[in-house]
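Below is my_file.tsv, which holds TSV, C-alpha atoms (C1' of nucleotides).
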chain	number	residue	atom	x	y	z
A	1	MET	CA	103.49	70.38	234.11
A	2	ARG	CA	104.96	72.89	231.70
A	3	ILE	CA	108.21	74.70	231.99
A	4	GLY	CA	106.85	77.83	233.59
A	5	GLU	CA	105.35	75.94	236.43
A	6	LEU	CA	108.49	73.91	237.00
A	7	ALA	CA	110.48	77.09	237.07
A	8	GLU	CA	108.17	78.62	239.60
A	9	ARG	CA	108.23	75.57	241.81
A	10	THR	CA	111.96	75.19	241.82
A	11	GLY	CA	113.07	78.75	241.68
A	12	ALA	CA	115.15	78.01	238.62
A	13	SER	CA	114.69	80.25	235.62
A	14	VAL	CA	113.10	78.95	232.49
A	15	ARG	CA	116.36	79.59	230.76
A	16	SER	CA	118.20	77.40	233.23
A	17	LEU	CA	115.77	74.54	232.87
A	18	ARG	CA	116.29	74.50	229.12
A	19	TYR	CA	119.99	74.63	229.71
A	20	TYR	CA	119.84	71.65	232.05
A	21	GLU	CA	118.07	69.70	229.40
A	22	GLU	CA	120.62	70.69	226.81
A	23	GLN	CA	123.27	69.37	229.18
A	24	ARG	CA	121.31	66.14	229.46
A	25	LEU	CA	120.66	66.55	233.14
A	26	LEU	CA	116.92	66.76	232.86
A	27	VAL	CA	114.47	65.19	230.48
A	28	SER	CA	111.08	66.25	229.24
A	29	THR	CA	108.45	64.90	226.96
A	30	ARG	CA	107.13	67.14	224.25
A	31	SER	CA	103.55	67.96	223.55
A	32	ALA	CA	102.26	67.76	220.00
A	33	GLY	CA	103.19	71.33	219.45
A	34	GLY	CA	106.68	70.86	220.78
A	35	GLN	CA	106.26	72.26	224.26
A	36	ARG	CA	108.10	70.64	227.12
A	37	HIS	CA	106.16	68.69	229.65
A	38	TYR	CA	107.54	67.45	232.92
A	39	ALA	CA	106.60	64.71	235.34
A	40	PRO	CA	106.14	65.78	238.95
A	41	GLU	CA	109.43	64.17	239.92
A	42	ALA	CA	111.20	66.75	237.87
A	43	VAL	CA	110.85	69.09	240.79
A	44	GLY	CA	113.04	66.87	242.92
A	45	ARG	CA	115.44	66.38	240.08
A	46	VAL	CA	115.90	70.09	239.60
A	47	ALA	CA	116.38	70.50	243.33
A	48	LEU	CA	119.19	67.97	243.18
A	49	LEU	CA	120.77	69.74	240.24
A	50	GLN	CA	120.62	73.05	242.04
A	51	ARG	CA	122.24	71.46	245.03
A	52	LEU	CA	125.06	70.07	242.97
A	53	TYR	CA	125.58	73.29	241.09
A	54	ALA	CA	125.68	75.12	244.37
A	55	ALA	CA	128.32	72.67	245.51
A	56	GLY	CA	130.47	73.78	242.65
A	57	LEU	CA	130.04	70.88	240.28
A	58	SER	CA	129.99	71.66	236.60
A	59	SER	CA	127.39	70.43	234.16
A	60	THR	CA	129.70	67.82	232.76
A	61	THR	CA	130.66	66.54	236.17
A	62	ILE	CA	127.04	66.25	237.14
A	63	ALA	CA	126.33	64.45	233.92
A	64	GLU	CA	129.08	62.01	234.74
A	65	LEU	CA	127.64	60.96	238.04
A	66	LEU	CA	123.98	61.03	237.20
A	67	PRO	CA	123.90	57.49	235.82
A	68	CYS	CA	124.62	56.49	239.35
A	69	VAL	CA	121.52	58.29	240.48
A	70	ASP	CA	119.22	57.19	237.73
A	71	SER	CA	120.10	53.54	237.60
A	72	PRO	CA	122.05	52.45	240.63
A	73	SER	CA	121.90	48.87	239.47
A	74	GLU	CA	123.67	49.26	236.20
A	75	THR	CA	127.08	47.77	236.34
A	76	ASN	CA	128.43	50.16	233.83
A	77	SER	CA	127.82	53.02	236.20
A	78	ASP	CA	131.16	52.14	237.74
A	79	ALA	CA	132.76	55.30	236.46
A	80	ALA	CA	129.82	57.27	237.72
A	81	PHE	CA	130.22	55.82	241.15
A	82	GLU	CA	133.90	56.59	241.15
A	83	ARG	CA	133.21	60.12	240.07
A	84	MET	CA	130.61	60.55	242.74
A	85	ALA	CA	132.94	59.35	245.46
A	86	GLN	CA	135.59	61.68	244.20
A	87	GLU	CA	133.30	64.67	244.15
A	88	ARG	CA	131.99	63.77	247.55
A	89	ASP	CA	135.50	63.95	248.94
A	90	ARG	CA	136.29	67.14	247.14
A	91	LEU	CA	133.18	68.66	248.60
A	92	SER	CA	134.08	67.47	252.05
A	93	ASP	CA	137.48	69.08	251.83
A	94	HIS	CA	135.92	72.24	250.60
A	95	ILE	CA	133.54	72.31	253.53
A	96	THR	CA	136.43	71.98	255.91
A	97	GLU	CA	138.12	74.87	254.23
A	98	LEU	CA	135.01	77.02	254.39
A	99	ILE	CA	134.62	76.35	258.05
A	100	ARG	CA	138.14	77.55	258.62
A	101	THR	CA	137.34	80.66	256.70
A	102	ARG	CA	134.27	81.25	258.77
A	103	ASP	CA	136.37	80.84	261.88
A	104	ALA	CA	138.80	83.39	260.55
A	105	LEU	CA	135.97	85.83	259.98
A	106	ASP	CA	134.66	85.21	263.47
A	107	GLU	CA	138.03	85.92	264.88
A	108	LEU	CA	138.41	89.10	262.91
A	109	MET	CA	135.01	90.24	264.05
A	110	ALA	CA	135.86	89.52	267.64
A	111	ILE	CA	138.94	91.65	267.35
A	112	ASN	CA	136.98	94.43	265.82
A	113	ARG	CA	134.39	94.31	268.55
A	114	GLN	CA	137.09	94.79	271.11
A	115	TYR	CA	138.18	97.93	269.41
A	116	ARG	CA	134.75	99.32	268.91
A	117	GLU	CA	133.36	98.51	272.30
A	118	ARG	CA	136.25	100.40	273.75
A	119	PRO	CA	134.89	103.86	272.95
A	120	ARG	CA	138.21	105.49	273.66
A	121	THR	CA	141.12	104.25	271.70
A	122	GLY	CA	142.97	107.04	270.08
A	123	VAL	CA	144.99	104.11	268.96
A	124	SER	CA	144.69	104.73	265.28
A	125	ALA	CA	148.37	104.13	265.58
A	126	CYS	CA	147.69	100.46	265.50
A	127	ALA	CA	151.31	99.75	264.99
A	128	VAL	CA	151.00	97.10	267.60
A	129	PRO	CA	147.42	96.00	267.84
A	130	LEU	CA	146.52	94.94	271.29
A	131	PRO	CA	145.49	91.39	270.93
A	132	GLY	CA	148.45	90.78	268.77
A	133	ALA	CA	148.61	87.06	269.10
A	134	SER	CA	145.12	86.33	267.93
A	135	ARG	CA	145.35	88.61	264.97
A	136	ARG	CA	148.43	86.87	263.90
A	137	ALA	CA	146.59	83.61	263.97
A	138	VAL	CA	143.75	84.89	261.88
A	139	LEU	CA	145.95	85.95	259.07
A	140	SER	CA	147.18	82.46	258.75
A	141	GLY	CA	150.36	82.53	260.60
A	142	SER	CA	151.98	85.70	259.55
A	143	ALA	CA	151.77	89.17	260.87
A	144	PRO	CA	149.47	91.44	258.91
A	145	ARG	CA	149.96	95.00	259.75
A	146	GLY	CA	150.44	97.91	257.59
A	147	SER	CA	148.50	100.79	259.01
A	148	ALA	CA	145.72	100.88	256.57
A	149	SER	CA	145.19	103.60	254.12
A	150	PRO	CA	143.15	106.43	255.59
A	151	ARG	CA	140.38	106.62	253.16
B	1	MET	CA	160.53	89.56	247.92
B	2	ARG	CA	159.54	89.90	244.30
B	3	ILE	CA	156.36	88.77	242.66
B	4	GLY	CA	157.65	85.45	241.45
B	5	GLU	CA	158.64	84.38	244.89
B	6	LEU	CA	155.36	85.49	246.39
B	7	ALA	CA	153.55	83.54	243.71
B	8	GLU	CA	155.55	80.47	244.46
B	9	ARG	CA	155.01	80.75	248.17
B	10	THR	CA	151.30	81.27	247.97
B	11	GLY	CA	150.43	79.17	245.01
B	12	ALA	CA	148.75	82.14	243.37
B	13	SER	CA	149.76	82.97	239.82
B	14	VAL	CA	151.73	86.08	239.08
B	15	ARG	CA	148.79	87.24	237.06
B	16	SER	CA	146.49	86.89	240.03
B	17	LEU	CA	148.79	88.81	242.33
B	18	ARG	CA	148.81	91.75	239.94
B	19	TYR	CA	145.07	91.50	239.71
B	20	TYR	CA	144.72	91.59	243.48
B	21	GLU	CA	146.75	94.74	243.56
B	22	GLU	CA	144.66	96.27	240.83
B	23	GLN	CA	141.62	95.51	242.96
B	24	ARG	CA	143.32	97.19	245.89
B	25	LEU	CA	143.47	94.06	247.96
B	26	LEU	CA	147.22	93.86	248.12
B	27	VAL	CA	149.91	96.49	248.15
B	28	SER	CA	153.49	96.50	247.03
B	29	THR	CA	156.36	98.93	246.99
B	30	ARG	CA	158.20	99.45	243.75
B	31	SER	CA	161.88	99.13	243.11
B	32	ALA	CA	163.70	101.86	241.21
B	33	GLY	CA	163.00	100.07	237.98
B	34	GLY	CA	159.34	99.65	238.75
B	35	GLN	CA	159.27	96.07	239.91
B	36	ARG	CA	156.99	95.08	242.73
B	37	HIS	CA	158.44	94.27	246.07
B	38	TYR	CA	156.54	92.65	248.91
B	39	ALA	CA	156.99	92.48	252.63
B	40	PRO	CA	156.97	89.00	254.13
B	41	GLU	CA	153.51	89.57	255.55
B	42	ALA	CA	152.17	89.62	252.03
B	43	VAL	CA	152.22	85.85	252.13
B	44	GLY	CA	149.63	85.83	254.88
B	45	ARG	CA	147.63	88.49	253.14
B	46	VAL	CA	147.43	86.52	249.95
B	47	ALA	CA	146.46	83.44	251.91
B	48	LEU	CA	143.57	85.39	253.37
B	49	LEU	CA	142.53	86.61	249.95
B	50	GLN	CA	142.61	83.12	248.56
B	51	ARG	CA	140.51	81.97	251.46
B	52	LEU	CA	137.93	84.62	250.83
B	53	TYR	CA	137.86	84.03	247.10
B	54	ALA	CA	137.42	80.34	247.75
B	55	ALA	CA	134.50	81.23	249.99
B	56	GLY	CA	132.84	82.87	247.04
B	57	LEU	CA	133.43	86.51	247.82
B	58	SER	CA	134.03	88.82	244.92
B	59	SER	CA	136.88	91.29	244.69
B	60	THR	CA	134.64	94.20	245.50
B	61	THR	CA	133.14	92.47	248.48
B	62	ILE	CA	136.56	91.64	249.81
B	63	ALA	CA	137.63	95.21	249.28
B	64	GLU	CA	134.64	96.34	251.28
B	65	LEU	CA	135.51	94.38	254.34
B	66	LEU	CA	139.27	94.71	254.27
B	67	PRO	CA	139.35	98.02	256.13
B	68	CYS	CA	138.04	96.04	259.00
B	69	VAL	CA	141.03	93.77	258.77
B	70	ASP	CA	143.65	96.39	258.23
B	71	SER	CA	142.60	98.89	260.84
B	72	PRO	CA	140.15	97.46	263.31
B	73	SER	CA	140.30	100.63	265.31
B	74	GLU	CA	139.06	103.01	262.68
B	75	THR	CA	135.59	104.11	263.42
B	76	ASN	CA	134.72	104.56	259.82
B	77	SER	CA	135.13	100.88	259.21
B	78	ASP	CA	131.56	100.52	260.38
B	79	ALA	CA	130.36	99.59	256.96
B	80	ALA	CA	133.20	97.15	256.64
B	81	PHE	CA	132.20	95.48	259.86
B	82	GLU	CA	128.63	95.25	258.74
B	83	ARG	CA	129.69	93.76	255.46
B	84	MET	CA	131.88	91.25	257.18
B	85	ALA	CA	129.10	90.13	259.49
B	86	GLN	CA	126.82	89.79	256.54
B	87	GLU	CA	129.28	87.73	254.54
B	88	ARG	CA	130.00	85.63	257.54
B	89	ASP	CA	126.35	84.69	257.79
B	90	ARG	CA	126.05	84.06	254.11
B	91	LEU	CA	129.01	81.75	254.34
B	92	SER	CA	127.57	79.95	257.31
B	93	ASP	CA	124.33	79.30	255.47
B	94	HIS	CA	126.25	78.09	252.52
B	95	ILE	CA	128.19	75.65	254.65
B	96	THR	CA	124.98	74.24	256.02
B	97	GLU	CA	123.75	73.75	252.51
B	98	LEU	CA	126.92	72.05	251.41
B	99	ILE	CA	126.75	69.66	254.29
B	100	ARG	CA	123.27	68.68	253.25
B	101	THR	CA	124.55	68.09	249.77
B	102	ARG	CA	127.32	65.92	251.06
B	103	ASP	CA	124.79	63.94	253.03
B	104	ALA	CA	122.75	63.49	249.89
B	105	LEU	CA	125.77	62.17	248.08
B	106	ASP	CA	126.54	59.81	250.92
B	107	GLU	CA	123.05	58.49	250.78
B	108	LEU	CA	123.19	57.99	247.05
B	109	MET	CA	126.45	56.16	247.39
B	110	ALA	CA	125.02	53.94	250.06
B	111	ILE	CA	122.18	52.99	247.79
B	112	ASN	CA	124.56	52.26	245.02
B	113	ARG	CA	126.68	50.06	247.21
B	114	GLN	CA	123.67	47.98	248.02
B	115	TYR	CA	123.07	47.35	244.38
B	116	ARG	CA	126.62	46.57	243.55
B	117	GLU	CA	127.42	44.44	246.54
B	118	ARG	CA	124.50	42.30	245.58
B	119	PRO	CA	126.18	40.52	242.68
B	120	ARG	CA	122.79	39.31	241.53
B	121	THR	CA	120.37	41.80	240.21
B	122	GLY	CA	119.56	41.22	236.65
B	123	VAL	CA	117.65	44.37	237.18
B	124	SER	CA	119.05	46.23	234.27
B	125	ALA	CA	115.42	46.57	233.45
B	126	CYS	CA	115.48	50.04	234.75
B	127	ALA	CA	113.38	51.16	231.88
B	128	VAL	CA	111.28	52.81	234.46
B	129	PRO	CA	113.71	54.70	236.55
B	130	LEU	CA	112.69	52.69	239.48
B	131	PRO	CA	112.31	54.36	242.58
B	132	GLY	CA	112.30	53.70	245.88
B	133	ALA	CA	111.23	55.49	248.90
B	134	SER	CA	114.75	56.17	249.96
B	135	ARG	CA	115.56	57.51	246.58
B	136	ARG	CA	112.75	59.89	246.83
B	137	ALA	CA	114.18	61.21	250.05
B	138	VAL	CA	117.55	61.81	248.56
B	139	LEU	CA	116.23	63.50	245.54
B	140	SER	CA	113.91	65.90	247.10
B	141	GLY	CA	114.91	66.31	250.42
B	142	SER	CA	116.39	66.46	253.66
B	143	ALA	CA	117.16	63.37	255.61
B	144	PRO	CA	120.64	64.07	256.75
B	145	ARG	CA	122.71	61.27	257.92
B	146	GLY	CA	124.20	58.78	255.72
B	147	SER	CA	126.55	55.94	256.19
B	148	ALA	CA	129.83	57.63	256.17
B	149	SER	CA	132.13	56.60	253.45
B	150	PRO	CA	134.62	53.95	254.43
B	151	ARG	CA	137.85	55.73	254.01
C	1	DC	C1'	179.52	94.00	229.37
C	2	DT	C1'	176.24	90.45	228.24
C	3	DA	C1'	173.08	86.67	228.13
C	4	DG	C1'	169.22	84.96	230.22
C	5	DA	C1'	165.73	85.04	233.61
C	6	DA	C1'	162.27	87.78	235.71
C	7	DT	C1'	159.15	91.58	235.51
C	8	DC	C1'	156.44	95.31	233.48
C	9	DT	C1'	152.09	97.04	230.97
C	10	DG	C1'	148.26	96.41	228.08
C	11	DA	C1'	145.23	93.81	225.61
C	12	DC	C1'	142.61	90.05	224.23
C	13	DA	C1'	140.77	85.20	225.25
C	14	DT	C1'	138.24	81.84	228.12
C	15	DG	C1'	134.78	79.25	230.47
C	16	DG	C1'	130.24	78.53	232.33
C	17	DA	C1'	125.83	79.46	233.97
C	18	DT	C1'	122.58	82.66	233.16
C	19	DG	C1'	120.19	87.00	231.23
C	20	DT	C1'	117.96	88.95	227.37
C	21	DC	C1'	116.08	89.87	222.88
C	22	DA	C1'	113.77	88.75	218.49
C	23	DG	C1'	110.59	86.50	215.67
C	24	DG	C1'	107.42	82.92	215.44
C	25	DG	C1'	104.28	79.20	217.01
C	26	DA	C1'	100.98	76.85	220.78
C	27	DC	C1'	97.03	76.81	223.31
C	28	DA	C1'	93.15	77.97	226.54
C	29	DA	C1'	89.20	80.97	227.04
C	30	DG	C1'	85.93	84.17	225.25
D	1	DC	C1'	88.22	83.35	215.06
D	2	DT	C1'	90.75	86.31	218.25
D	3	DT	C1'	93.38	87.64	221.88
D	4	DG	C1'	96.53	87.12	225.58
D	5	DT	C1'	99.76	84.28	227.71
D	6	DC	C1'	102.99	80.87	227.49
D	7	DC	C1'	106.49	78.52	224.97
D	8	DC	C1'	109.89	77.61	221.14
D	9	DT	C1'	114.70	78.22	218.98
D	10	DG	C1'	118.81	80.68	218.20
D	11	DA	C1'	121.84	84.10	219.05
D	12	DC	C1'	124.31	87.40	221.48
D	13	DA	C1'	125.56	89.63	226.10
D	14	DT	C1'	127.43	89.45	230.83
D	15	DC	C1'	130.34	88.72	234.81
D	16	DC	C1'	134.94	87.90	236.66
D	17	DA	C1'	138.99	85.59	237.98
D	18	DT	C1'	142.61	83.82	235.13
D	19	DG	C1'	145.29	82.50	231.18
D	20	DT	C1'	148.08	84.03	227.56
D	21	DC	C1'	150.66	86.73	224.27
D	22	DA	C1'	153.60	90.59	222.74
D	23	DG	C1'	156.96	93.89	223.13
D	24	DA	C1'	159.81	96.40	226.23
D	25	DT	C1'	162.52	96.95	230.47
D	26	DT	C1'	164.99	95.40	234.75
D	27	DC	C1'	167.76	92.59	237.34
D	28	DT	C1'	171.40	89.13	238.20
D	29	DA	C1'	175.10	86.05	237.47
D	30	DG	C1'	179.05	85.03	234.81

For this file, write the structure as structure tokens.
Amino acid sequence: MRIGELAERTGASVRSLRYYEEQRLLVSTRSAGGQRHYAPEAVGRVALLQRLYAAGLSSTTIAELLPCVDSPSETNSDAAFERMAQERDRLSDHITELIRTRDALDELMAINRQYRERPRTGVSACAVPLPGASRRAVLSGSAPRGSASPR
Amino acid sequence: MRIGELAERTGASVRSLRYYEEQRLLVSTRSAGGQRHYAPEAVGRVALLQRLYAAGLSSTTIAELLPCVDSPSETNSDAAFERMAQERDRLSDHITELIRTRDALDELMAINRQYRERPRTGVSACAVPLPGASRRAVLSGSAPRGSASPR
DNA sequence: CTAGAATCTGACATGGATGTCAGGGACAAG
DNA sequence: CTTGTCCCTGACATCCATGTCAGATTCTAG
């Protein structure tokens, strides 16, 4: 298939696909006239690249671990394997962190719901917010406060 | 405390702290001579900001949902609440995606271990990027699971 | 008072994936 | 052949959190 079709199938822009190739993450054969032609598996390849990019890996990092993907048997892919393990762990830590952040958001939203479901509350003087303890927790251990700016 | 101390305590650079203020995400009082001075709670605030940045939110997005953090009671933080809910969901989706990516990496590593634990394998003849069924799964798809890494 | 450390503002630099534009071929269908 | 669509290369633009540098001012300890 040609580059337009691959782009359409993967959701990547044509520009990005060329960039991936430039970074040696994706290969193509060229037609007589110089146009790129891709094997069907390229779709999966691009999907993997998108995944890795979305996980925060850079082009060079991806390039470093790809040998491990393309030829798992090669002994000299030792470094690649190492790199992959390392990135895997980094990613895992990052996930943990993101989950904590999501929890923090959930907590903040819960607090807000309390305030908004209580139609009354002339308590714009939130000097001491009611569920004090939980708010404290959300802000990572220290008291937030500061009556916000009235915009 | 002054900016240097806050930087040290949070791990953020002095440059970043000034930037946060410029983006209206962090406030400071000024000493007579114009130097920034922070309340102890600023540490928690910066931690929250770092969390949100790490979750991929931009300065403007953070600014949009902060009212919700600073004054949960304010009725006009409706938009902020909406924004927060929206970002929360985005984040949650992203986490799901990252977990899939981690699974993919685990699977790839498992495959690699098979090859390398089998000391044999003169199979450097990977002229044709070989391919196995399992590989296909990893590259294109879903199949969660994965032998957890032995750490 | 003074030296040295910390801070201030303002500006420019950076990196990295991607967007976009220009000018020129490639190629399928009529 | 002609036309319309796709593709090519190369270059420059963009976003945005940070880094970095310069020159000036403030603060602190001796």

Hey, what's within 9 Å of region 1-18 of chain B if we count all atoms listed in the file and toss same-chain stuff fewer than 6 positions away? As a VMD selection string, please?
-> (chain B and resid 26 35 to 40 42 to 44 46 to 47 50) or (chain C and resid 6 to 7) or (chain D and resid 17 to 19)

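A straight line drawn from CA of Thr75 (chain A) to CA of Leu108 (chain B) is 15.3 Å long.
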
Do you have the C1' of DC8 (chain D)-CA of Leu66 (chain A) distance handy?
->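 Interatomic distance, C1' of DC8 (chain D) to CA of Leu66 (chain A): 27.0 Å.
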
Between CA of Ala55 (chain B) and CA of Leu98 (chain A), measure the distance and give it in Å to one decimal.
-> 6.1 Å

Contact residues around region 83-93 of chain B with all atoms listed in the file at 7 Å, ignoring same-chain residues under 6 positions, as a CSV table (one decimal) with C-alpha atoms, in the coordinates of the input:
chain,number,residue,atom,x,y,z
A,102,ARG,CA,134.3,81.2,258.8
A,105,LEU,CA,136.0,85.8,260.0
B,64,GLU,CA,134.6,96.3,251.3
B,65,LEU,CA,135.5,94.4,254.3

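With all atoms listed in the file as the atoms that count, the residue of D:DT14, D:DT20, D:DT26, D:DT5 with the shortest distance to chain A is D:DT5.
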
Do a neighbour search on Met109 (chain B) at 10 Å with all atoms listed in the file, toss out local chain neighbours closer than 3 positions, and write the hits as a ChimeraX atom specification.
-> /A:68-69,72,81-82,84-85,88 /B:103-106,112-115,146-149

With chain A as the partner and 12 Å as the cut-off, tabulate the residues of chain C that qualify, each row holding the nearest pair of atoms and their distance in Å to one decimal, using all atoms listed in the file, sorted by chain and rising number, as a Markdown table.
| residue | atom | partner | partner_atom | distance |
| --- | --- | --- | --- | --- |
| C:DG15 | C1' | A:Ser58 | CA | 10.9 |
| C:DG16 | C1' | A:Ser58 | CA | 8.1 |
| C:DA17 | C1' | A:Ser16 | CA | 7.9 |
| C:DT18 | C1' | A:Ser16 | CA | 6.8 |
| C:DG19 | C1' | A:Arg15 | CA | 8.4 |
| C:DT20 | C1' | A:Arg15 | CA | 10.1 |
| C:DG25 | C1' | A:Gly33 | CA | 8.3 |
| C:DA26 | C1' | A:Gly33 | CA | 6.1 |
| C:DC27 | C1' | A:Gly33 | CA | 9.1 |

Distance criterion (all atoms listed in the file): nearest to chain D out of B:Thr96, B:Gln23, B:Thr29, B:Thr101 | B:Gln23

Smallest atom-to-atom distance to chain B: which of D:DC6, D:DA11, D:DA22, D:DC16, using only C-alpha atoms (C1' of nucleotides)?
->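 That would be D:DC16, the residue with the smallest distance to chain B.
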
Can you list, as an NGL selection string, every protein, DNA or RNA residue that comes within 10 Å of DA3 (chain C) when you count all atoms listed in the file, leaving out same-chain residues fewer than 2 positions away?
-> (:C and (1 or 5)) or (:D and (29-30))
